[in-house]
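A short worksheet on the structure shown next.
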Amino acid sequence: MRSPMKCGVKKRRAFTLIELLVVIAIIGILAAIIIVLLNSARRRAQDAQVKSDVTSLSQALEIVKVDRNLVPSGGYQPINGTNANDSNTDRWREDGGIADPFKKLINTRPIHPIAGQVYWISVTSATDYGLVAKLNPTNTYFCNTNGTTRTQTNMATDADARADCAP
């Protein structure tokens, strides 16, 4: 015998707990994949910024080298947006002076995009310089010696990378 039905009213089916858990699991897996992809894209973008900054610094040094002699700095010194240690950065101007801010070859000192890292510069003579910066992979550095760039891998310390990139 059939159960009595109200006139034309159909019973609705709801989602089961298992179906809801499957959907939540799929969304979680997709979110995890997206987070991993975004992190690797962020690391690649930071590395591209480091390489661009080192190239810009190198181009400014090449202009200074052609127009006038570089001033030796006596070993590697850090450069970042808040550090004024390097005596050369104040001389990176079209006219070689330090008075006119509108003649800067580099408007602002670059800030390393990886927290806690800085750019390193060494000017050993009127024509020789080296630039070193750490990239995202552990123990990988980007080096520019007198305009020639290369990537250094398996460096144990920052000091090892600076020594390997010496001009």
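In the structure tokens, the first chain shown is A, the next is B, and so on; residue numbers restart at 1 for each chain, and ligands run from 1 in the order shown.
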Please return, as a JSON list (two decimals) with C-alpha atoms, in the first residue's frame, all residues of range 4-70 of chain A that DSSP assigns to helix (DSSP H, G or I) on the basis of the backbone.
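The file below, out-v5.json, is the result:
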```json
[["chain", "number", "residue", "atom", "x", "y", "z"],
["A", 17, "LEU", "CA", 26.96, 14.56, 4.78],
["A", 18, "ILE", "CA", 29.28, 12.48, 2.58],
["A", 19, "GLU", "CA", 28.53, 14.64, -0.48],
["A", 20, "LEU", "CA", 29.25, 17.82, 1.47],
["A", 21, "LEU", "CA", 32.53, 16.41, 2.81],
["A", 22, "VAL", "CA", 33.64, 15.41, -0.71],
["A", 23, "VAL", "CA", 32.97, 18.92, -2.02],
["A", 24, "ILE", "CA", 34.84, 20.51, 0.90],
["A", 25, "ALA", "CA", 37.80, 18.16, 0.33],
["A", 26, "ILE", "CA", 37.95, 19.06, -3.37],
["A", 27, "ILE", "CA", 37.87, 22.79, -2.57],
["A", 28, "GLY", "CA", 40.66, 22.29, 0.00],
["A", 29, "ILE", "CA", 42.86, 20.45, -2.49],
["A", 30, "LEU", "CA", 42.35, 23.16, -5.13],
["A", 31, "ALA", "CA", 43.14, 25.89, -2.58],
["A", 32, "ALA", "CA", 46.38, 24.12, -1.57],
["A", 33, "ILE", "CA", 47.47, 23.84, -5.21],
["A", 34, "ILE", "CA", 46.77, 27.54, -5.80],
["A", 35, "ILE", "CA", 48.74, 28.58, -2.70],
["A", 36, "VAL", "CA", 51.77, 26.55, -3.81],
["A", 37, "LEU", "CA", 51.62, 28.07, -7.31],
["A", 38, "LEU", "CA", 51.31, 31.60, -5.92],
["A", 39, "ASN", "CA", 54.30, 31.11, -3.61],
["A", 40, "SER", "CA", 56.51, 29.91, -6.44],
["A", 41, "ALA", "CA", 55.36, 32.83, -8.61],
["A", 42, "ARG", "CA", 56.20, 35.23, -5.77],
["A", 43, "ARG", "CA", 59.70, 33.74, -5.45],
["A", 44, "ARG", "CA", 60.29, 34.04, -9.20],
["A", 45, "ALA", "CA", 59.12, 37.67, -9.10],
["A", 46, "GLN", "CA", 61.50, 38.45, -6.23],
["A", 47, "ASP", "CA", 64.39, 36.86, -8.11],
["A", 48, "ALA", "CA", 63.53, 38.89, -11.22],
["A", 49, "GLN", "CA", 63.51, 42.07, -9.10],
["A", 50, "VAL", "CA", 66.94, 41.22, -7.64],
["A", 51, "LYS", "CA", 68.40, 40.61, -11.10],
["A", 52, "SER", "CA", 66.87, 43.86, -12.40],
["A", 53, "ASP", "CA", 68.27, 45.86, -9.47],
["A", 54, "VAL", "CA", 71.76, 44.37, -9.88],
["A", 55, "THR", "CA", 71.63, 45.13, -13.63],
["A", 56, "SER", "CA", 70.59, 48.74, -12.92],
["A", 57, "LEU", "CA", 73.40, 49.16, -10.40],
["A", 58, "SER", "CA", 75.85, 47.67, -12.90],
["A", 59, "GLN", "CA", 74.70, 50.04, -15.66],
["A", 60, "ALA", "CA", 75.16, 53.02, -13.35],
["A", 61, "LEU", "CA", 78.64, 51.81, -12.42],
["A", 62, "GLU", "CA", 79.52, 51.35, -16.09],
["A", 63, "ILE", "CA", 78.50, 54.98, -16.76],
["A", 64, "VAL", "CA", 80.57, 56.16, -13.81],
["A", 65, "LYS", "CA", 83.49, 54.00, -14.97],
["A", 66, "VAL", "CA", 83.39, 55.51, -18.48],
["A", 67, "ASP", "CA", 82.83, 59.12, -17.41]]
```
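Neighbouring residues of Ala163 in chain A at 12 Å or closer, counting only C-alpha atoms and skipping chain neighbours under 2 positions away, are Gly75, Tyr76, Trp120, Ile121, Ser122, Gly130, Leu131, Val132, Tyr141, Cys143, Thr145, Gln152, Met155, Ala156, Thr157, Asp158, Ala159, Asp160, Ala161, Cys165, Ala166 and Pro167 of chain A.
Separating CA of Asn154 in chain A from CA of Gly116 in chain A is a distance of 19.5 Å.
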Record the distance separating CA of Gln77 in chain A and CA of Tyr119 in chain A, expressed in Å with one decimal.
-> 8.3 Å
Long-range neighbours of Ala126 in chain A as number ranges by chain, 8 Å cut-off, only C-alpha atoms, 6 positions minimum in chain = A: 65, 69-72
Neighbour list for Val123 in chain A as a PDB file with N, CA and C atoms, in the first residue's frame, cut-off 6 Å, only C-alpha atoms, skip fewer than 3 positions in-chain:
```
ATOM      1  N   PRO A  72      87.433  53.476  -5.026  1.00  0.00           N
ATOM      2  CA  PRO A  72      87.499  52.189  -4.327  1.00  0.00           C
ATOM      3  C   PRO A  72      86.819  52.242  -2.962  1.00  0.00           C
ATOM      4  N   SER A  73      86.111  51.153  -2.637  1.00  0.00           N
ATOM      5  CA  SER A  73      85.374  51.106  -1.378  1.00  0.00           C
ATOM      6  C   SER A  73      86.045  50.235  -0.334  1.00  0.00           C
ATOM      7  N   ASP A 128      87.241  48.375 -11.691  1.00  0.00           N
ATOM      8  CA  ASP A 128      86.759  47.044 -11.308  1.00  0.00           C
ATOM      9  C   ASP A 128      85.747  47.111 -10.172  1.00  0.00           C
ATOM     10  N   TYR A 129      84.644  46.384 -10.349  1.00  0.00           N
ATOM     11  CA  TYR A 129      83.618  46.318  -9.304  1.00  0.00           C
ATOM     12  C   TYR A 129      82.942  44.958  -9.325  1.00  0.00           C
TER      13      TYR A 129
END
```
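Across the structure, CA of Thr153 in chain A and CA of Thr140 in chain A are spaced 4.4 Å apart.
The residues of range 13-149 of chain A that DSSP classifies as strand (DSSP E), using the backbone of this structure, are Gln77, Pro78, Ile79, Tyr119, Trp120, Ile121, Ser122, Val123, Tyr129, Gly130, Leu131, Val132, Ala133, Lys134, Tyr141, Phe142, Cys143, Asn144, Thr145, Thr148 and Thr149 of chain A.
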